[in-house]
Each structure stands twice: as structure tokens, then as C-alpha cells.
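> Please read through the structure below; I'll follow up with questions.
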Amino acid sequence: MKRGFRLLGAVAIMALTATAAHADELDPKGEWSAYDKGNAALPPMGWNSWNAFALEIDEAKVIGSAETIVTSGLAAKGYRYIDLDEGWWARRGGDGRLVIRTDRFPSAIRSDGTTSFRPLTDKLHAMGLKAGIYSEIGRNSCGQIYSEEKASLPSGTVAEREVGLYDHVDQDIGLYFAEWGFDLIKVDGCGIRGLPESNPRVAAGEFRAFAPLIDSDSLGRTDIPAVRALFGKVADALERYNPDNDFVFSLCIWGSADVRSWAKNVGNLSRTSEDIFPIWGRMLFNMDSTSRRALYAQPGSWNDPDMLYIGNGDFDADHLTEARTHFSMWAMLNAPLIIGYDLRKAAPELMAILGNEGIIALDQDPAGNQAVLAYDSDDVQIYAKTLADGTKGVAILNRTSAPLDAVLTAEHLKFLAGADVELTDLWTGNTTRFKGEQKFTLAPRETLVFKAKGKRMLADGYYLSEMPGSVNPAVDGVTVPQAEPMTHRAILPWQSTHGNGEHPRYGGWGGAQADATPYGEELAVSGRRFASGIGVLANSRLEIRNAGYRHFSAEVGVDDSARDRSEPVTFSVYGDGKLLARSDPMRFGEAPAKIEADVAGVKLVEIVARSATPMRFPDPVTWGNAALTR
Ligand code: GAL
């Protein structure tokens with residue numbers, strides 16, 4: 001009897017706690033919560049040693065590429081970061097101070113017997129460039145765990161070979177930024193996924209075991225909060241050691257640990273997938289890992305589908321169509337444009353691709369709106385991106401290896417069908433016009449990229465789905481992270497076809513979407529379809545930066561794709577923390593309700609969809625035609 005009572009008490013307390021947490025995170029905060037520290041208002045551009053040289057880096061290669069960046073004019077076009085990847089560590093010294101491989105970086109030798117990258121960073125800075133360093137969140141690096149090239153890896157005792165940040169965050173970040181003067185850090189994660197007791201190198205006494213926090217094959221077997229906390233510590237140290245705020249924090253855990261959902265709160269760049277390879281299918285795979293995540297990228301925090309592979313394999317000088325597609329799509333998706341090629345030997349055609357100013361401008365547009373899928377299929381995709389001046393970037397991508405036709409409509413661009421649309425081809429410079437729609441024939445693997453001018457459907461404002469760079473899904477309603485099934489499932493090169501295939505592996509399924517439901521369906525409430533809108537789960541809160549608009553409006557309801565359907569959902573609009581408008585509780589099957597609010601003078605609009613009681617798996621809801629207007 002007594003036991004039963006206690007149990008009931010515990011259940012009641014748990015329920016109360018759940019309700020309190022539910023209320024708390026959905027309460028308006030009145031401030032933008034996505035990461036805006038560091039120097040990444042625009043996606044960083046530059047060069048990284050990995051795709052060109054892997055572990056075989058040295059000073060001549062790095063400086064040689066930096067010099068080419070300057071003399072070729074690429075630096076003047078925005079390529080500024082020169083980033084060392086793995087291959088520079090000699091070991092960790094007795095006092096914990098990291099030691100540089102001076103056989104490869106002779107300028108690092110100092111008379112007191114220590115080593116320093118200051119001469120290298122000084123040289124890069126004197127060239128008008130910025131310098132990036134590579135580290136690891138665990139104790140040991142990817143190369144140490146996976147590579148056979150022992151000569152390029154740290155040497156010494158087990159402790160001396162622990163060159164990662166684990167237990168050394170403060171010391172290493174201080175060294176890299178305050179002492180050595182780096183401006184960017186890429187932090188990898190192999191040390192927290194690859195060193196279980198069972199690893200043969202651990203068993204052989206080469207490395208200490210590290211009970212894995214990440215299992216790349218399983219979100220359920222990954223300790224997401226622990227991984228996030230480790231990267232959070234690095235972010236804190238970066239702030240401490242960079243009082244001038246001139247740093248970039250690049251997370252590299254390849255889309256694992258649901259990082260696609262939380263990196264926007266922790267750092268400036270975050271890899272959304274495993275490594276790119278110079279293989280067409282692999283490029284699609286990396287691209288897809290980013291392409292449905294437009295709402296999870298904002299100025300200050302960008303999705304990173306990995307470095308460019310232009311110059312190699314399927315993207316070399318004999319495959320300029322593919323190289324142009326790769327470059328165009330990275331720019332449409334606001335990816336960091338980080339060259340991964342030995343620029344000392346680059347053919348002029350490749351330099352011309354990397355230097356295309358029209359395409360670079362798409363990537364570097366100050367509005368920071370990652371392109372949204374306007375048309376999606378496995379064969380052709382059309383991406384549209386709203387630029388700061390109200391014009392659009394549009395890319396029509398032929399994913400297949402056969403020629404095919406595609407039709408671009410004014411609606412894809414959210415332009416009026418009755419008015420002229422002017423297209424400027426950013427590869428040829430040709431300008432054409434159409435009304436309503438225009439057919440194109442695409443060569444195999446070709447992407448046509450245009451800057452488009454027309455009459456916007458909303459002449460005096462924007463749909464929220466046109467301005468993802470100003471919308472932050474602070475709480476997206478996902479209660480249990482699920483892997484996204486929509487990425488092209490390319491063979492993982494180092495695994496080949498061992499095992500039983502490529503499974504969805506990157507959390508994010510069910511996250512907020514522009515112009516689609518959280519599960520990739522058409523937005524619809526009680527049979528009413530919306531070509532524009534935000535699809536998100538119930539029990540969500542989105543923050544919207546308001547650049548001087550006066551009016552918020554939307555048509556809201558539980559989406560027709562809902563499955564639970566038991567809970568009514570209330571939709572609220574807040575301005576700088578104050579309630580401005582609220583819908584009645586809306587049930588599945590009910591016609592959409594109009595919700596409007598006067599947001600004149602408001603800096604931050606928050607829109608909240610809340611179920612009557614917390615739901616284990618919240619239903620999709622639709623903010624149809626959600627827009628800010630003058
Ligand atoms: C991988 C990372 C690559 C490269 C490599 C170095 O984990 O994704 O971009 O940095 O490690 O070993």
C-alpha cells in the first residue's frame with residue numbers, strides 16, 4: 001500500500017517536472033539564441049591541407065598554396081583562411097605543451113628548445129591571410145586511430161601521444177590562439193568514437209581506452225549531451241582566449257551525435273556528414289546531408305558539407321561540369337568554401353571555377369539564407385535562395401548521368417507568374433527572360449545557376465521560408481533524435497560494401513523545414529495546401545529576427561501528416577517576449593486559422609506551437625504562408 005502510494009507520488013512528480021520543462025523551454029525568451037560569437041557572419045573561405053596532402057603536410061606546401069591564393073587573386077575574392085589539418089603534431093611535452101614536427105615546419109624551432117607556430121602565422125598574417133589549426137576533442141586523433149602511416153603521426157610514450165584536447169582544453173586553446181595567433185580551429189572527434197577496449201591498438205597498449213561517446217551508426221548508442229558538453233567547453237575557452245572575437249570554431253563530428261540539431265548553439269561551422277571524396281555520389285551524399293537543413297544555418301553558424309574537392313577525381317580539369325556543380329551547390333548552401341587542392345599545380349580552368357565572383361557572391365550574400373528546395377526529386381532538384389537585395393539565386397541540378405529536361409516556374413522562385421522573370425546565367429553571363437515557366441535541357445550532372453529578378457509574390461515582405469537565415473528553431477519539438485533517410489546513400493569508401501549497406505545515420509529527421517513538413521511532405525492543414533510556410537513539430541519555439549517589418553501573419557493548424565492526433569495545439573506569437581496573438585486550441589482535421597500580429601518596433605518575434613499536455617512524439621504543425629510584411 002505504502003509502496004503503491006510512493007510510486008504514485010513519484011509518477012506525479014515526474015509528470016509535473018515534464019510539464020514544467022515543457023512550459024519553460026517554450027516560454028518566450030526575447031533573445032536570439034543561436035551562436036553568434038566568433039568571426040563567421042559569412043561562411044568562411046580559404047584552403048585546407050587535408051584533401052590535397054592528407055597527413056603529408058609541410059611548411060613549403062602550406063606557404064606555396066597561400067602564395068598562390070594571393071598571387072592568383074583568390075585572396076582578394078575572399079579566400080583568406082589557410083588551415084593546417086592533421087599531420088603537424090610531434091607529441092605532447094612533459095609540461096603538457098604541444099610540440100610541432102620541426103622536420104616539416106622548420107620555422108617552428110625556437111632557441112629555448114620549445115616549438116612555436118608564431119613565425120608561420122605571422123607570415124600568413126603579413127600576407128593578409130588568416131591561419132587555422134587542427135585539433136581533436138578526445139585524447140587521440142583520427143590518424144592515430146585509423147592510419148597506418150606511423151611516420152606522420154605523433155611519437156613517444158602513450159601520454160606523449162595524447163595530443164587531443166581532452167583534459168587540455170584550456171592549455172591548448174591558450175597555446176593555439178593567445179600564443180601562436182591562430183584564427184580558426186577545426187576540432188575532430190575520432191578520439192571519442194574509435195578507442196573502445198576492444199580496439200586492437202588499445203589492446204596492444206598503444207593508446208588508452210576511451211569508452212566511446214559517439215557511435216556513428218547509432219544515435220541510441222551515442223551520449224549526445226556528453227558530446228555537446230565537450231564541445232561547449234572548447235567554445236568557452238575560445239571566448240576566453242579571443243577577447244577580440246576573431247576566431248572561427250569548426251566542429252568536425254561528421255553529422256553524428258545529432259550535431260546537425262545543436263551545433264548552431266555551440267560553434268560557427270559544423271560538418272553534417274562523413275568525409276567527402278572526389279566521387280560524384282559522395283559529393284551528392286555530402287550535399288544532401290546539408291540541403292534540408294536550411295533553418296539550422298544562420299549568420300554565425302553554418303552547415304558544413306565538408307571541403308571542396310575541386311581539382312581531383314570526378315571534379316578535376318577533365319570534369320568541369322561536375323566541378324562547376326560542386327562549387328555552385330556549395331555556394332547555394334552557404335557552405336564554407338574551403339579549397340582542398342594543391343593550388344601550386346591548378347589548371348586555369350579550375351582557378352576560374354574557384355574564382356567565379358557571381359557564384360562566390362551567392363555564398364557570401366549578407367542575408368545568410370541557405371537555399372531552400374523549391375523542387376525535389378532523386379533526378380532533378382531546384383534550389384532557391386533569397387538574396388539580401390530581394391533577388392534570388394536559383395540552381396537547377398541534374399543529379400543523374402543522363403541529359404534531361406527541367407521546367408523552372410515563377411512559383412519556384414515565389415515570383416508572380418504574370419510578370420517577367422529575368423535570369424542571368426552565373427557561368428556564362430547570358431541574360432534571358434521568361435513569363436510563367438521556362439524549360440531547360442541539362443547535360444549529365446550539370447547545374448544551371450542563375451541570379452533571378454522578378455516580382456515577388458509578397459511585394460512588401462517575405463515568407464519566413466524565404467528568410468531561413470533569420471529564423472532559428474530554438475526548440476524544434478524533436479523529443480528523440482531520429483536519423484534522416486533523405487541523403488544519397490553513397491558507398492563509404494573506406495568500408496566499401498562490407499556489412500549490409502548504408503543506413504540513415506544523421507539525426508535531424510523531424511526537424512523544422514522550410515516549405516515542407518518535418519518529415520518532408522507537402523504542407524497541408526485539413527486539405528488546404530501551402531506552397532509556402534514552416535513545417536515544425538508541436539511543442540516548438542522559433543525565433544525570428546525582425547528587420548523592421550510591421551506585420552506578422554500565418555494560417556496555422558495541425559498538419560494533415562499528423563499521426564498521434566490526440567492533442568489540440570495552440571499557436572502563439574510573441575514580440576520581444578510579450579504575447580501578441582494566440583490561436584484557439586486547434587485539433588487535427590480543423591481548417592487552418594488565421595493568426596496576425598502587429599510587430600512594429602519588435603526586434604525578435606517568437607512563434608510557439610504548444611500542445612495541451614506534453615507529447616512523447618509531437619505531431620507536425622504548419623505555419624502556412626507565415627510571413628513578415630511592411
Ligand atoms: C577526419 C575529418 C577530415 C580530416 C581527417 C584528418 O575525421 O573528417 O576532414 O580532418 O579526419 O585525419
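Here, A, B, ... name the chains of the C-alpha cells in the order displayed, residue numbers run from 1 inside each chain, and ligands are numbered from 1 in the same displayed order.
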Name the residues in contact with A:Ala593 at a cut-off of 12 Å, using only C-alpha atoms, excluding same-chain residues fewer than 5 positions from it; report them as number ranges by chain.

A: 525-526, 528, 553-558, 569-572, 582-587, 622-626

> Please identify all protein, DNA and RNA residues within 10 Å of ligand 1, counting only C-alpha atoms and all ligand atoms, and report them as a PyMOL selection string.

chain A and resi 48-51+54-55+84-87+134-136+141-147+186-191+251-254+271+273-276+306-307

> Based on the backbone DSSP call, show me all residues of stretch 225-381 of chain A assigned strand (DSSP E or B), as number ranges by chain.

A: 248-252, 269-271, 298, 301-304, 337-339, 372-375, 380-381

> Please list as a count of residues only every residue within 7 Å of stretch 482-494 of chain A, counting only C-alpha atoms and excluding residues in the same chain fewer than 3 positions away.

14

> Within 7 Å of stretch 218-221 of chain A, counting only C-alpha atoms, which residues show up once you throw out same-chain ones fewer than 2 positions away? Write them as a PyMOL selection string, please.

chain A and resi 215-216+223+257+505

> Env of A:Gly533: 12 Å cut, atoms = only C-alpha atoms, seq-sep filter 2 positions within chain, self excluded. Answer as a PyMOL selection string.

chain A and resi 372+414+462-468+512-518+522-525+529-531+535-536+553-557+559+621-628

> Let's have the selection written as a short mmCIF file (atom, residue, chain, number, x, y, z; two decimals), in the first residue's frame, with N, CA, C and O atoms.


```cif
data_model
loop_
_atom_site.label_atom_id
_atom_site.label_comp_id
_atom_site.auth_asym_id
_atom_site.auth_seq_id
_atom_site.Cartn_x
_atom_site.Cartn_y
_atom_site.Cartn_z
N VAL A 372 16.76 26.93 -50.30
CA VAL A 372 15.67 26.02 -49.91
C VAL A 372 15.27 25.21 -51.14
O VAL A 372 15.29 25.72 -52.26
N LYS A 414 8.97 32.00 -55.93
CA LYS A 414 7.99 32.82 -55.23
C LYS A 414 7.88 34.19 -55.91
O LYS A 414 7.81 35.24 -55.27
N TYR A 462 8.47 39.14 -46.85
CA TYR A 462 8.96 37.80 -47.21
C TYR A 462 8.21 36.74 -46.44
O TYR A 462 7.83 36.94 -45.28
N TYR A 463 8.05 35.60 -47.09
CA TYR A 463 7.65 34.41 -46.34
C TYR A 463 8.82 34.02 -45.43
O TYR A 463 9.99 34.18 -45.82
N LEU A 464 8.54 33.46 -44.28
CA LEU A 464 9.63 33.03 -43.40
C LEU A 464 10.50 31.99 -44.09
O LEU A 464 11.70 31.92 -43.85
N SER A 465 9.89 31.21 -44.97
CA SER A 465 10.68 30.17 -45.65
C SER A 465 11.62 30.77 -46.69
O SER A 465 12.48 30.08 -47.22
N GLU A 466 11.47 32.07 -46.99
CA GLU A 466 12.44 32.73 -47.87
C GLU A 466 13.60 33.31 -47.07
O GLU A 466 14.57 33.78 -47.64
N MET A 467 13.46 33.35 -45.75
CA MET A 467 14.50 34.00 -44.94
C MET A 467 15.00 33.10 -43.81
O MET A 467 15.03 33.49 -42.65
N PRO A 468 15.43 31.86 -44.18
CA PRO A 468 15.86 30.93 -43.13
C PRO A 468 17.03 31.46 -42.30
O PRO A 468 17.16 31.08 -41.13
N ALA A 512 12.71 21.21 -38.09
CA ALA A 512 11.91 22.23 -38.78
C ALA A 512 12.33 22.35 -40.24
O ALA A 512 13.51 22.22 -40.57
N GLN A 513 11.35 22.56 -41.13
CA GLN A 513 11.63 22.64 -42.56
C GLN A 513 10.99 23.88 -43.17
O GLN A 513 9.90 24.29 -42.75
N ALA A 514 11.66 24.41 -44.18
CA ALA A 514 11.08 25.49 -44.97
C ALA A 514 10.28 24.87 -46.12
O ALA A 514 10.80 24.02 -46.85
N ASP A 515 9.03 25.26 -46.26
CA ASP A 515 8.15 24.80 -47.34
C ASP A 515 7.94 23.28 -47.38
O ASP A 515 7.69 22.71 -48.45
N ALA A 516 8.06 22.62 -46.26
CA ALA A 516 7.79 21.17 -46.19
C ALA A 516 7.47 20.82 -44.74
O ALA A 516 7.80 21.59 -43.83
N THR A 517 6.86 19.67 -44.54
CA THR A 517 6.62 19.23 -43.16
C THR A 517 7.94 18.71 -42.58
O THR A 517 8.90 18.48 -43.33
N PRO A 518 7.98 18.48 -41.27
CA PRO A 518 9.23 17.98 -40.67
C PRO A 518 9.67 16.65 -41.28
O PRO A 518 10.83 16.28 -41.19
N GLU A 522 4.36 17.62 -48.24
CA GLU A 522 3.78 18.91 -48.60
C GLU A 522 3.02 19.46 -47.39
O GLU A 522 2.31 18.70 -46.73
N LEU A 523 3.14 20.75 -47.13
CA LEU A 523 2.41 21.35 -46.01
C LEU A 523 0.92 21.37 -46.34
O LEU A 523 0.53 21.83 -47.42
N ALA A 524 0.09 20.92 -45.42
CA ALA A 524 -1.36 20.93 -45.66
C ALA A 524 -2.10 20.83 -44.33
O ALA A 524 -1.72 20.06 -43.45
N VAL A 525 -3.14 21.63 -44.19
CA VAL A 525 -3.98 21.58 -43.00
C VAL A 525 -5.41 21.38 -43.45
O VAL A 525 -5.94 22.22 -44.21
N ARG A 529 -3.58 23.19 -48.96
CA ARG A 529 -2.14 23.04 -49.18
C ARG A 529 -1.44 24.39 -49.15
O ARG A 529 -2.01 25.38 -49.60
N PHE A 530 -0.22 24.37 -48.67
CA PHE A 530 0.56 25.61 -48.61
C PHE A 530 1.89 25.40 -49.33
O PHE A 530 2.70 24.57 -48.93
N ALA A 531 2.12 26.18 -50.40
CA ALA A 531 3.41 26.10 -51.09
C ALA A 531 4.48 26.81 -50.27
O ALA A 531 5.67 26.54 -50.41
N GLY A 535 7.20 24.12 -41.62
CA GLY A 535 6.71 22.87 -41.04
C GLY A 535 7.57 22.54 -39.83
O GLY A 535 8.80 22.53 -39.93
N VAL A 536 6.92 22.27 -38.71
CA VAL A 536 7.70 22.00 -37.49
C VAL A 536 6.83 21.13 -36.59
O VAL A 536 5.61 21.05 -36.80
N SER A 553 1.91 37.43 -40.16
CA SER A 553 0.67 36.70 -40.40
C SER A 553 0.97 35.26 -40.80
O SER A 553 2.04 34.96 -41.36
N ALA A 554 0.03 34.37 -40.50
CA ALA A 554 0.16 32.96 -40.89
C ALA A 554 -1.20 32.30 -40.80
O ALA A 554 -2.13 32.85 -40.19
N GLU A 555 -1.30 31.15 -41.46
CA GLU A 555 -2.50 30.33 -41.32
C GLU A 555 -2.05 29.01 -40.71
O GLU A 555 -1.23 28.31 -41.30
N VAL A 556 -2.59 28.74 -39.52
CA VAL A 556 -1.97 27.69 -38.71
C VAL A 556 -2.92 26.52 -38.45
O VAL A 556 -4.14 26.67 -38.48
N GLY A 557 -2.32 25.39 -38.16
CA GLY A 557 -3.12 24.23 -37.78
C GLY A 557 -2.24 22.99 -37.64
O GLY A 557 -1.05 23.01 -37.96
N ASP A 559 -0.91 19.68 -38.92
CA ASP A 559 -0.72 19.26 -40.30
C ASP A 559 -1.43 17.93 -40.58
O ASP A 559 -1.59 17.08 -39.69
N VAL A 621 3.00 20.44 -37.13
CA VAL A 621 2.07 21.56 -37.29
C VAL A 621 2.58 22.44 -38.43
O VAL A 621 3.76 22.36 -38.81
N THR A 622 1.69 23.26 -38.96
CA THR A 622 2.04 24.09 -40.11
C THR A 622 1.76 25.56 -39.85
O THR A 622 0.67 25.92 -39.40
N TRP A 623 2.79 26.37 -40.07
CA TRP A 623 2.64 27.82 -40.08
C TRP A 623 2.55 28.19 -41.56
O TRP A 623 3.52 28.61 -42.18
N GLY A 624 1.33 28.01 -42.13
CA GLY A 624 1.16 28.22 -43.57
C GLY A 624 1.27 29.68 -43.95
O GLY A 624 0.76 30.55 -43.24
N ASN A 625 1.96 29.94 -45.04
CA ASN A 625 2.14 31.32 -45.54
C ASN A 625 2.70 32.26 -44.49
O ASN A 625 2.48 33.48 -44.59
N ALA A 626 3.39 31.72 -43.48
CA ALA A 626 3.92 32.59 -42.43
C ALA A 626 4.82 33.64 -43.06
O ALA A 626 5.70 33.32 -43.86
N ALA A 627 4.57 34.91 -42.71
CA ALA A 627 5.29 35.99 -43.40
C ALA A 627 5.42 37.22 -42.52
O ALA A 627 4.63 37.45 -41.60
N LEU A 628 6.45 37.99 -42.83
CA LEU A 628 6.62 39.32 -42.25
C LEU A 628 6.46 40.33 -43.38
O LEU A 628 7.10 40.19 -44.43
#
```
